$ cat start_2.tsv   # TSV, C-alpha atoms and all ligand atoms
chain	number	residue	atom	x	y	z
A	1	MET	CA	0.76	25.61	14.91
A	2	ILE	CA	-0.33	26.92	11.49
A	3	GLY	CA	2.78	29.10	11.40
A	4	LYS	CA	4.95	26.06	12.17
A	5	GLY	CA	3.21	24.08	9.40
A	6	SER	CA	3.88	26.68	6.74
A	7	GLU	CA	7.49	27.00	7.91
A	8	ASN	CA	7.88	23.25	7.38
A	9	ASP	CA	6.11	23.38	4.02
A	10	GLU	CA	8.54	26.10	3.04
A	11	LYS	CA	11.52	23.97	4.14
A	12	MET	CA	10.18	21.14	2.00
A	13	THR	CA	9.40	23.19	-1.11
A	14	ARG	CA	12.63	25.19	-0.90
A	15	THR	CA	14.54	22.16	-2.08
A	16	GLY	CA	11.56	19.96	-3.05
A	17	SER	CA	13.88	16.98	-3.24
A	18	VAL	CA	13.28	13.42	-2.15
A	19	ALA	CA	15.71	10.52	-1.72
A	20	ILE	CA	13.95	7.18	-2.08
A	21	VAL	CA	15.22	4.07	-0.32
A	22	GLY	CA	14.31	0.95	-2.30
A	23	ALA	CA	13.48	0.38	-5.97
A	24	GLY	CA	10.54	-2.01	-5.75
A	25	ARG	CA	6.86	-1.62	-6.55
A	26	LEU	CA	6.02	1.42	-4.45
A	27	ALA	CA	9.38	3.14	-5.06
A	28	THR	CA	9.00	2.76	-8.83
A	29	PHE	CA	5.54	4.28	-8.79
A	30	LEU	CA	6.35	6.99	-6.27
A	31	ALA	CA	9.56	8.17	-7.94
A	32	VAL	CA	7.70	8.74	-11.23
A	33	ALA	CA	4.69	10.32	-9.49
A	34	LEU	CA	6.85	12.69	-7.42
A	35	ARG	CA	8.82	13.70	-10.49
A	36	GLY	CA	5.53	14.31	-12.34
A	37	ALA	CA	4.33	16.52	-9.47
A	38	GLY	CA	7.42	18.72	-9.71
A	39	PHE	CA	9.67	17.19	-7.05
A	40	THR	CA	13.30	16.34	-7.65
A	41	VAL	CA	14.12	12.73	-6.94
A	42	SER	CA	17.79	13.05	-6.02
A	43	GLU	CA	18.83	9.51	-5.11
A	44	ILE	CA	17.58	5.94	-5.21
A	45	VAL	CA	19.26	4.15	-2.32
A	46	ALA	CA	19.68	0.40	-2.76
A	47	ARG	CA	21.31	-2.49	-0.96
A	48	ASP	CA	24.89	-3.18	-1.98
A	49	LEU	CA	23.95	-6.21	-4.07
A	50	PRO	CA	24.30	-6.44	-7.87
A	51	GLY	CA	20.58	-7.08	-8.53
A	52	SER	CA	19.46	-4.35	-6.12
A	53	LEU	CA	21.82	-1.81	-7.67
A	54	ARG	CA	20.71	-2.78	-11.17
A	55	ARG	CA	17.07	-2.16	-10.26
A	56	ALA	CA	17.99	1.11	-8.54
A	57	ARG	CA	19.96	2.29	-11.61
A	58	SER	CA	17.09	1.50	-13.92
A	59	LEU	CA	14.65	3.48	-11.74
A	60	ALA	CA	17.16	6.31	-11.24
A	61	MET	CA	17.50	6.64	-15.04
A	62	LYS	CA	13.74	7.03	-15.40
A	63	VAL	CA	13.55	9.95	-12.99
A	64	GLY	CA	16.91	11.66	-13.45
A	65	ALA	CA	18.21	10.49	-10.07
A	66	HIS	CA	21.44	8.93	-8.91
A	67	ALA	CA	21.54	5.28	-7.80
A	68	THR	CA	23.60	4.64	-4.71
A	69	THR	CA	23.90	2.65	-1.47
A	70	ALA	CA	23.37	3.87	2.11
A	71	ASP	CA	27.09	4.11	2.87
A	72	ARG	CA	27.85	6.18	-0.25
A	73	ALA	CA	24.67	8.27	-0.49
A	74	SER	CA	24.83	12.08	-0.45
A	75	LEU	CA	21.51	12.30	1.46
A	76	ASP	CA	21.20	16.00	0.70
A	77	ALA	CA	17.47	15.79	-0.15
A	78	SER	CA	15.00	17.46	2.21
A	79	ILE	CA	12.95	14.25	2.49
A	80	LEU	CA	13.87	10.57	2.86
A	81	TRP	CA	11.19	8.11	1.81
A	82	PHE	CA	11.65	4.47	2.79
A	83	CYS	CA	9.95	2.12	0.32
A	84	VAL	CA	11.37	-1.15	1.61
A	85	PRO	CA	9.53	-4.21	3.00
A	86	ASP	CA	8.13	-3.61	6.48
A	87	ARG	CA	10.68	-5.98	8.05
A	88	GLU	CA	13.57	-3.94	6.53
A	89	ILE	CA	12.48	-0.41	7.52
A	90	ARG	CA	14.26	-0.29	10.89
A	91	ARG	CA	17.51	-1.70	9.47
A	92	ALA	CA	17.45	0.60	6.39
A	93	ALA	CA	16.72	3.64	8.58
A	94	SER	CA	19.59	2.81	10.88
A	95	SER	CA	22.04	2.47	7.92
A	96	VAL	CA	20.92	5.87	6.65
A	97	ALA	CA	21.22	7.39	10.16
A	98	ASN	CA	24.80	6.07	10.40
A	99	ARG	CA	25.62	7.64	7.05
A	100	LEU	CA	24.09	10.96	8.15
A	101	ARG	CA	26.25	10.91	11.27
A	102	VAL	CA	29.36	10.54	9.08
A	103	LEU	CA	28.17	13.29	6.74
A	104	ALA	CA	27.37	15.62	9.66
A	105	ALA	CA	31.11	16.28	10.03
A	106	ALA	CA	31.06	18.20	6.73
A	107	LYS	CA	29.88	21.77	7.39
A	108	ASN	CA	27.32	23.74	5.35
A	109	ARG	CA	25.73	20.77	3.69
A	110	ALA	CA	22.02	20.28	3.29
A	111	HIS	CA	20.54	17.36	5.19
A	112	PRO	CA	17.06	15.82	5.35
A	113	SER	CA	14.51	17.34	7.70
A	114	PHE	CA	11.80	14.69	7.23
A	115	ALA	CA	11.65	10.92	6.79
A	116	PHE	CA	8.68	8.76	5.85
A	117	HIS	CA	7.99	5.07	5.49
A	118	SER	CA	4.91	3.67	3.81
A	119	SER	CA	3.98	0.66	5.87
A	120	GLY	CA	0.27	0.54	6.63
A	121	ALA	CA	0.87	-1.65	9.67
A	122	LEU	CA	4.01	-0.32	11.34
A	123	LEU	CA	4.35	2.93	13.27
A	124	SER	CA	6.67	5.84	12.63
A	125	GLU	CA	8.78	4.48	15.55
A	126	GLU	CA	10.46	2.26	12.95
A	127	LEU	CA	12.34	5.44	12.00
A	128	ASP	CA	13.47	6.24	15.56
A	129	SER	CA	17.16	6.11	14.59
A	130	LEU	CA	16.47	9.12	12.34
A	131	ARG	CA	14.24	10.84	14.92
A	132	GLU	CA	17.17	10.62	17.35
A	133	ILE	CA	19.28	12.78	15.03
A	134	GLY	CA	16.64	15.48	14.70
A	135	ILE	CA	14.63	14.30	11.69
A	136	ALA	CA	10.83	14.51	11.96
A	137	VAL	CA	9.30	11.17	10.96
A	138	ALA	CA	5.94	9.83	9.83
A	139	SER	CA	4.33	6.79	8.30
A	140	VAL	CA	2.55	7.69	5.05
A	141	HIS	CA	0.43	4.84	3.73
A	142	PRO	CA	-1.38	5.11	0.39
A	143	LEU	CA	-4.53	2.99	0.26
A	144	MET	CA	-3.70	1.82	-3.25
A	145	THR	CA	-2.08	-1.18	-4.88
A	146	PHE	CA	1.17	-0.76	-6.80
A	147	VAL	CA	2.36	-3.56	-9.05
A	148	ARG	CA	4.78	-3.66	-11.96
A	149	GLY	CA	3.17	-2.61	-15.24
A	150	ALA	CA	0.40	-0.45	-13.71
A	151	HIS	CA	0.47	3.25	-12.89
A	152	PRO	CA	-2.73	4.00	-10.94
A	153	SER	CA	-4.16	7.46	-10.56
A	154	LEU	CA	-3.85	8.87	-7.06
A	155	ALA	CA	-6.96	11.04	-7.46
A	156	GLU	CA	-9.02	10.67	-4.27
A	157	VAL	CA	-6.65	7.99	-2.96
A	158	ALA	CA	-6.57	8.07	0.86
A	159	PHE	CA	-3.18	8.31	2.57
A	160	ALA	CA	-3.05	7.41	6.28
A	161	LEU	CA	-0.63	9.65	8.19
A	162	GLU	CA	0.80	8.91	11.63
A	163	GLY	CA	3.85	10.35	13.39
A	164	ASP	CA	5.43	13.71	14.23
A	165	GLY	CA	3.26	16.77	13.58
A	166	ALA	CA	5.83	18.52	11.37
A	167	ALA	CA	6.40	15.42	9.24
A	168	LYS	CA	2.65	14.81	8.89
A	169	GLN	CA	2.16	18.42	7.80
A	170	VAL	CA	4.77	18.07	5.05
A	171	ALA	CA	3.39	14.67	4.02
A	172	LYS	CA	-0.06	16.24	3.73
A	173	THR	CA	1.27	18.86	1.31
A	174	ILE	CA	3.04	16.23	-0.80
A	175	VAL	CA	-0.01	13.94	-0.87
A	176	SER	CA	-2.14	16.84	-2.02
A	177	LYS	CA	0.37	17.66	-4.80
A	178	LEU	CA	0.19	14.00	-5.87
A	179	GLY	CA	-3.62	14.28	-6.10
A	180	GLY	CA	-4.37	12.19	-3.01
A	181	GLU	CA	-6.23	12.93	0.22
A	182	SER	CA	-4.60	12.44	3.59
A	183	PHE	CA	-6.07	11.69	6.97
A	184	SER	CA	-4.53	11.26	10.44
A	185	LEU	CA	-4.60	7.76	11.84
A	186	PRO	CA	-4.01	7.28	15.60
A	187	SER	CA	-1.17	4.81	16.21
A	188	SER	CA	-3.49	2.58	18.27
A	189	ARG	CA	-5.66	2.03	15.18
A	190	LYS	CA	-2.95	1.20	12.65
A	191	ALA	CA	-3.15	-2.61	12.98
A	192	ALA	CA	-6.94	-2.59	12.52
A	193	TYR	CA	-6.61	-0.13	9.64
A	194	HIS	CA	-4.10	-2.37	7.89
A	195	ALA	CA	-6.18	-5.52	8.44
A	196	TRP	CA	-8.99	-3.71	6.60
A	197	ALA	CA	-6.62	-2.36	3.94
A	198	THR	CA	-5.32	-5.89	3.31
A	199	MET	CA	-8.88	-7.03	2.63
A	200	THR	CA	-9.43	-4.28	0.01
A	201	SER	CA	-6.89	-5.62	-2.49
A	202	PRO	CA	-4.57	-8.49	-1.49
A	203	LEU	CA	-7.41	-10.59	-0.04
A	204	LEU	CA	-9.77	-9.52	-2.80
A	205	LEU	CA	-7.21	-11.10	-5.13
A	206	ALA	CA	-7.22	-14.19	-2.91
A	207	PHE	CA	-10.99	-14.28	-3.44
A	208	LEU	CA	-10.59	-13.93	-7.21
A	209	VAL	CA	-8.07	-16.77	-7.37
A	210	THR	CA	-10.55	-18.88	-5.36
A	211	LEU	CA	-13.22	-18.02	-7.95
A	212	GLU	CA	-10.92	-19.43	-10.62
A	213	ALA	CA	-10.58	-22.65	-8.61
A	214	ALA	CA	-14.36	-22.91	-8.16
A	215	ALA	CA	-14.89	-22.44	-11.92
A	216	ARG	CA	-12.81	-25.57	-12.57
A	217	GLY	CA	-15.78	-27.59	-11.24
A	218	ALA	CA	-17.89	-26.11	-14.08
A	219	GLY	CA	-15.25	-27.23	-16.60
A	220	LEU	CA	-13.84	-23.72	-17.14
A	221	SER	CA	-10.15	-22.95	-17.35
A	222	ARG	CA	-8.67	-20.18	-15.18
A	223	GLU	CA	-8.42	-17.93	-18.22
A	224	GLN	CA	-12.05	-18.57	-19.26
A	225	ALA	CA	-13.20	-17.96	-15.68
A	226	ARG	CA	-11.30	-14.67	-15.52
A	227	ARG	CA	-12.67	-13.45	-18.87
A	228	MET	CA	-16.26	-14.59	-18.24
A	229	SER	CA	-16.47	-13.30	-14.66
A	230	LEU	CA	-15.15	-9.80	-15.34
A	231	PRO	CA	-18.39	-8.24	-16.69
A	232	ILE	CA	-20.40	-9.28	-13.63
A	233	ILE	CA	-17.56	-8.32	-11.26
A	234	ARG	CA	-17.27	-4.88	-12.87
A	235	GLN	CA	-21.05	-4.36	-12.69
A	236	THR	CA	-21.10	-5.43	-9.04
A	237	LEU	CA	-18.42	-2.85	-8.23
A	238	ALA	CA	-20.26	-0.17	-10.22
A	239	ASN	CA	-23.48	-1.00	-8.34
A	240	TYR	CA	-21.66	-1.01	-4.99
A	241	SER	CA	-20.16	2.38	-5.78
A	242	ARG	CA	-23.52	3.90	-6.77
A	243	LEU	CA	-26.01	2.02	-4.59
A	244	GLY	CA	-24.06	0.71	-1.58
A	245	SER	CA	-23.85	-2.90	-0.43
A	246	ALA	CA	-27.46	-3.88	0.42
A	247	ARG	CA	-29.01	-2.56	-2.81
A	248	SER	CA	-26.32	-4.27	-4.90
A	249	PHE	CA	-27.00	-7.68	-3.40
A	250	SER	CA	-28.63	-10.35	-5.61
A	251	GLY	CA	-28.56	-14.17	-5.84
A	252	PRO	CA	-29.89	-17.17	-3.90
A	253	LEU	CA	-29.24	-15.73	-0.43
A	254	ILE	CA	-31.36	-12.60	-0.86
A	255	ARG	CA	-34.10	-14.84	-2.32
A	256	GLY	CA	-33.72	-17.35	0.53
A	257	ASP	CA	-33.25	-20.29	-1.89
A	258	ALA	CA	-31.81	-22.73	0.64
A	259	GLU	CA	-32.04	-25.75	-1.69
A	260	THR	CA	-29.91	-23.97	-4.27
A	261	VAL	CA	-27.30	-23.18	-1.62
A	262	ALA	CA	-27.35	-26.82	-0.46
A	263	GLY	CA	-26.64	-27.84	-4.08
A	264	HIS	CA	-23.67	-25.46	-4.20
A	265	LEU	CA	-22.20	-26.90	-1.03
A	266	LEU	CA	-22.51	-30.41	-2.45
A	267	ALA	CA	-20.91	-29.40	-5.77
A	268	LEU	CA	-18.02	-27.69	-3.97
A	269	LYS	CA	-17.24	-30.73	-1.80
A	270	LYS	CA	-14.46	-31.71	-4.23
A	271	ARG	CA	-12.87	-28.27	-3.79
A	272	PRO	CA	-12.66	-27.80	-0.02
A	273	GLY	CA	-10.64	-24.56	-0.27
A	274	ALA	CA	-13.31	-22.91	-2.43
A	275	ARG	CA	-16.07	-24.40	-0.24
A	276	ASP	CA	-14.51	-22.89	2.91
A	277	VAL	CA	-14.46	-19.45	1.27
A	278	TYR	CA	-18.05	-19.88	0.03
A	279	VAL	CA	-19.24	-20.80	3.53
A	280	ALA	CA	-17.33	-17.93	5.20
A	281	LEU	CA	-18.75	-15.41	2.72
A	282	ALA	CA	-22.30	-16.78	2.89
A	283	ARG	CA	-22.10	-16.43	6.69
A	284	ALA	CA	-20.85	-12.86	6.21
A	285	ALA	CA	-23.85	-12.22	3.95
A	286	ILE	CA	-26.21	-13.50	6.65
A	287	ARG	CA	-24.54	-11.12	9.13
A	288	GLY	CA	-24.41	-8.01	6.98
A	289	LEU	CA	-26.79	-8.23	4.01
A	290	PRO	CA	-30.57	-8.58	3.48
A	291	VAL	CA	-30.86	-12.39	3.45
A	292	LYS	CA	-34.21	-14.25	3.50
A	293	ASN	CA	-34.84	-17.65	5.10
A	294	ARG	CA	-32.01	-16.94	7.56
A	295	ASP	CA	-32.58	-19.81	9.99
A	296	GLU	CA	-32.55	-22.52	7.36
A	297	LEU	CA	-29.52	-20.99	5.66
A	298	LYS	CA	-27.73	-20.69	9.01
A	299	ARG	CA	-28.36	-24.41	9.68
A	300	LEU	CA	-26.99	-25.32	6.23
A	301	LEU	CA	-23.87	-23.23	6.69
A	302	LYS	CA	-22.96	-24.52	10.19
B	401	LIG	N1	3.09	-2.34	-3.26
B	401	LIG	C1	2.02	-1.83	-2.72
B	401	LIG	O1	0.92	-1.96	-3.26
B	401	LIG	C2	2.12	-0.99	-1.47
B	401	LIG	C3	1.00	-0.21	-1.11
B	401	LIG	C4	1.07	0.57	0.03
B	401	LIG	C5	2.20	0.53	0.84
B	401	LIG	N2	3.25	-0.27	0.49
B	401	LIG	C6	4.42	-0.28	1.39
B	401	LIG	O2	5.57	0.10	0.66
B	401	LIG	C7	6.71	-0.57	1.19
B	401	LIG	C8	7.43	-1.27	0.06
B	401	LIG	O3	6.57	-2.25	-0.50
B	401	LIG	P1	6.76	-2.75	-2.01
B	401	LIG	O4	5.52	-3.48	-2.35
B	401	LIG	O5	7.25	-1.66	-2.87
B	401	LIG	O6	7.93	-3.83	-1.80
B	401	LIG	P2	8.86	-4.48	-2.91
B	401	LIG	O7	8.28	-4.37	-4.25
B	401	LIG	O8	9.23	-5.83	-2.37
B	401	LIG	O9	10.17	-3.56	-2.90
B	401	LIG	C9	10.99	-3.47	-1.80
B	401	LIG	C10	12.28	-2.78	-2.23
B	401	LIG	O10	13.07	-2.55	-1.07
B	401	LIG	C11	14.42	-2.88	-1.38
B	401	LIG	N3	15.11	-3.16	-0.12
B	401	LIG	C12	14.95	-4.17	0.75
B	401	LIG	N4	15.74	-3.99	1.82
B	401	LIG	C13	16.42	-2.84	1.62
B	401	LIG	C14	17.41	-2.13	2.36
B	401	LIG	N5	17.82	-2.58	3.56
B	401	LIG	N6	17.90	-0.98	1.83
B	401	LIG	C15	17.50	-0.52	0.64
B	401	LIG	N7	16.56	-1.16	-0.12
B	401	LIG	C16	16.04	-2.30	0.37
B	401	LIG	C17	14.28	-4.08	-2.31
B	401	LIG	O11	15.44	-4.19	-3.06
B	401	LIG	P3	16.18	-5.56	-3.42
B	401	LIG	O12	15.34	-6.69	-2.92
B	401	LIG	O13	16.30	-5.46	-4.88
B	401	LIG	O14	17.46	-5.43	-2.69
B	401	LIG	C18	13.12	-3.59	-3.18
B	401	LIG	O15	13.60	-2.72	-4.17
B	401	LIG	C19	6.21	-1.50	2.30
B	401	LIG	O16	6.36	-0.87	3.54
B	401	LIG	C20	4.74	-1.66	1.97
B	401	LIG	O17	3.95	-1.93	3.11
B	401	LIG	C21	3.24	-1.02	-0.63

$ encode --input "start_2.tsv" --output "structure tokens" --more "lines below"
Ligand SMILES: NC(=O)c1ccc[n+]([C@@H]2O[C@H](COP(=O)([O-])OP(=O)(O)OC[C@H]3O[C@@H](n4cnc5c(N)ncnc54)[C@H](OP(=O)(O)O)[C@@H]3O)[C@@H](O)[C@H]2O)c1
Amino acid sequence: MIGKGSENDEKMTRTGSVAIVGAGRLATFLAVALRGAGFTVSEIVARDLPGSLRRARSLAMKVGAHATTADRASLDASILWFCVPDREIRRAASSVANRLRVLAAAKNRAHPSFAFHSSGALLSEELDSLREIGIAVASVHPLMTFVRGAHPSLAEVAFALEGDGAAKQVAKTIVSKLGGESFSLPSSRKAAYHAWATMTSPLLLAFLVTLEAAARGAGLSREQARRMSLPIIRQTLANYSRLGSARSFSGPLIRGDAETVAGHLLALKKRPGARDVYVALARAAIRGLPVKNRDELKRLLK
């Protein structure tokens, strides 16, 4: 097995080239990161639409790649990496598989040995059309948020790997070259994993936007709320990182100040969305944090 792994690693590093499908948030980050880690990004494969091609060209220019579409792509990289929305992975993979079938007629040309997608929720089966033509496939999900205008470090970032052994082995090597840390995720656990992953950033943002709404009741604008809340949010995260959840917990619930909580619920009546979130989180605190005066608080939060 170890021998097989190093053979695959060798196959990957021999060419060290990656073709990226898509030119959105993850693709933009990944193309630059792969280039920085010494890989060649050969092609950025886009849909045959003017806007898509424009975005692909702009990304291709950044990383010295060629922008193309699935039916014109050379696909001579050793790795294909699908960075398209989850709902598009199967369709994009099948377009690329069709193109590879056409290209297979030409002898002595390099072709991809591995294909990845980066959905945290979907399985490597989304790439079955490529598996059917002999490509080892895996899902490779970075537990990180990628948005335009930010280039996060991948140091210590966890990547969940699922799929064919050979593809996972190669993904592990790439992740390590990018500075991340990979772990194998059984396919039966992917949905639960991604529910959790969605809470770490997208739903944390949903919480922050709810905070802004709640601050309106105190006469603060969204911008003021964002600026004023950041020091305490940063300190809470620093405490959580150093001390864990229970020892970072402060406020009326740990003190058991039920009257204060009752006052909050009254004040938030005019903002039912924020009140719902407050109640759900206060109940979560009762379940998982050191709360005093539990019974009275439970009654209040029914
Ligand atoms: N962003 C993150 O923080 C993050 C984190 C971890 C994992 N992921 C995963 O990464 C994948 C991509 O997410 P994203 O956030 O980068 O999405 P995104 O910003 O919406 O980008 C999607 C890209 O895919 C292109 N695309 C759509 N259909 C295509 C097709 N059939 N062929 C070629 N290109 C196509 C879109 O191009 P046009 O619309 O211009 O045609 C766009 O460039 C998803 O599976 C997601 O779960 C994302």

$ residues_near_ligand --input "start_2.tsv" --ligand "ligand LIG 401 (chain B)" --cutoff "8 Å" --atoms "all atoms listed in the file" --output "PyMOL selection string"
chain A and resi 21-28+45-49+51-53+55-56+69-70+82-86+88-89+91-92+95+117-121+141-147

$ axis_aligned_box --input "start_2.tsv" --around "stretch 167-170 of chain A" --padding-each-side "3 Å" --output "JSON"
{"center_x": 4.3, "center_y": 16.6, "center_z": 7.1, "size_x": 10.2, "size_y": 9.6, "size_z": 10.2}

$ closest_residue --input "start_2.tsv" --among "A:Val96, A:Val261, A:Ile174, A:Ala158" --to "A:His111" --atoms "all atoms listed in the file"
A:Val96

$ closest_residue --input "start_2.tsv" --among "A:His264, A:Leu237, A:Phe183, A:Gly149" --to "A:Tyr278" --atoms "all atoms listed in the file"
A:His264

$ atom_distance --input "start_2.tsv" --atom1 "atom CA of A:Lys168" --atom2 "atom CA of A:Lys190"
15.2 Å

$ residues_around --input "start_2.tsv" --residues "stretch 231-234 of chain A" --least-positions-apart "4" --cutoff "12 Å" --atoms "all atoms listed in the file" --output "list in words"
Leu204, Phe207, Leu208, Leu211, Ala225, Arg226, Arg227, Ala238, Asn239, Tyr240, Ser241, Ser248 and Ser250 of chain A

$ atom_distance --input "start_2.tsv" --atom1 "atom CA of A:Trp81" --atom2 "atom CA of A:Ala19"
6.2 Å

$ atom_distance --input "start_2.tsv" --atom1 "atom CA of A:His194" --atom2 "atom CA of A:Ser229"
27.9 Å

$ closest_residue --input "start_2.tsv" --among "A:Ala65, A:Ile135, A:Ala31, A:Leu230" --to "A:Glu43" --atoms "only C-alpha atoms"
A:Ala65

$ closest_residue --input "start_2.tsv" --among "A:Lys62, A:Ser78, A:Ala192, A:Ala274" --to "A:Val209" --atoms "all atoms listed in the file"
A:Ala274

$ closest_residue --input "start_2.tsv" --among "A:Ala285, A:Leu243, A:Gly217, A:Gln235" --to "A:Leu266" --atoms "all atoms listed in the file"
A:Gly217

$ closest_residue --input "start_2.tsv" --among "A:Val137, A:Leu75, A:Val175, A:Leu130" --to "A:Leu30" --atoms "all atoms listed in the file"
A:Val175

$ residues_near_point --input "start_2.tsv" --point "(-2.3, 12.5, -3.5)" --cutoff "10 Å" --atoms "only C-alpha atoms" --output "PyMOL selection string"
chain A and resi 33-34+37+142+153-159+171-182

$ residues_around --input "start_2.tsv" --residues "A:Gly134" --least-positions-apart "4" --cutoff "12 Å" --atoms "all atoms listed in the file" --output "PyMOL selection string"
chain A and resi 97+100-101+104+111-115+127-130+164+166-167
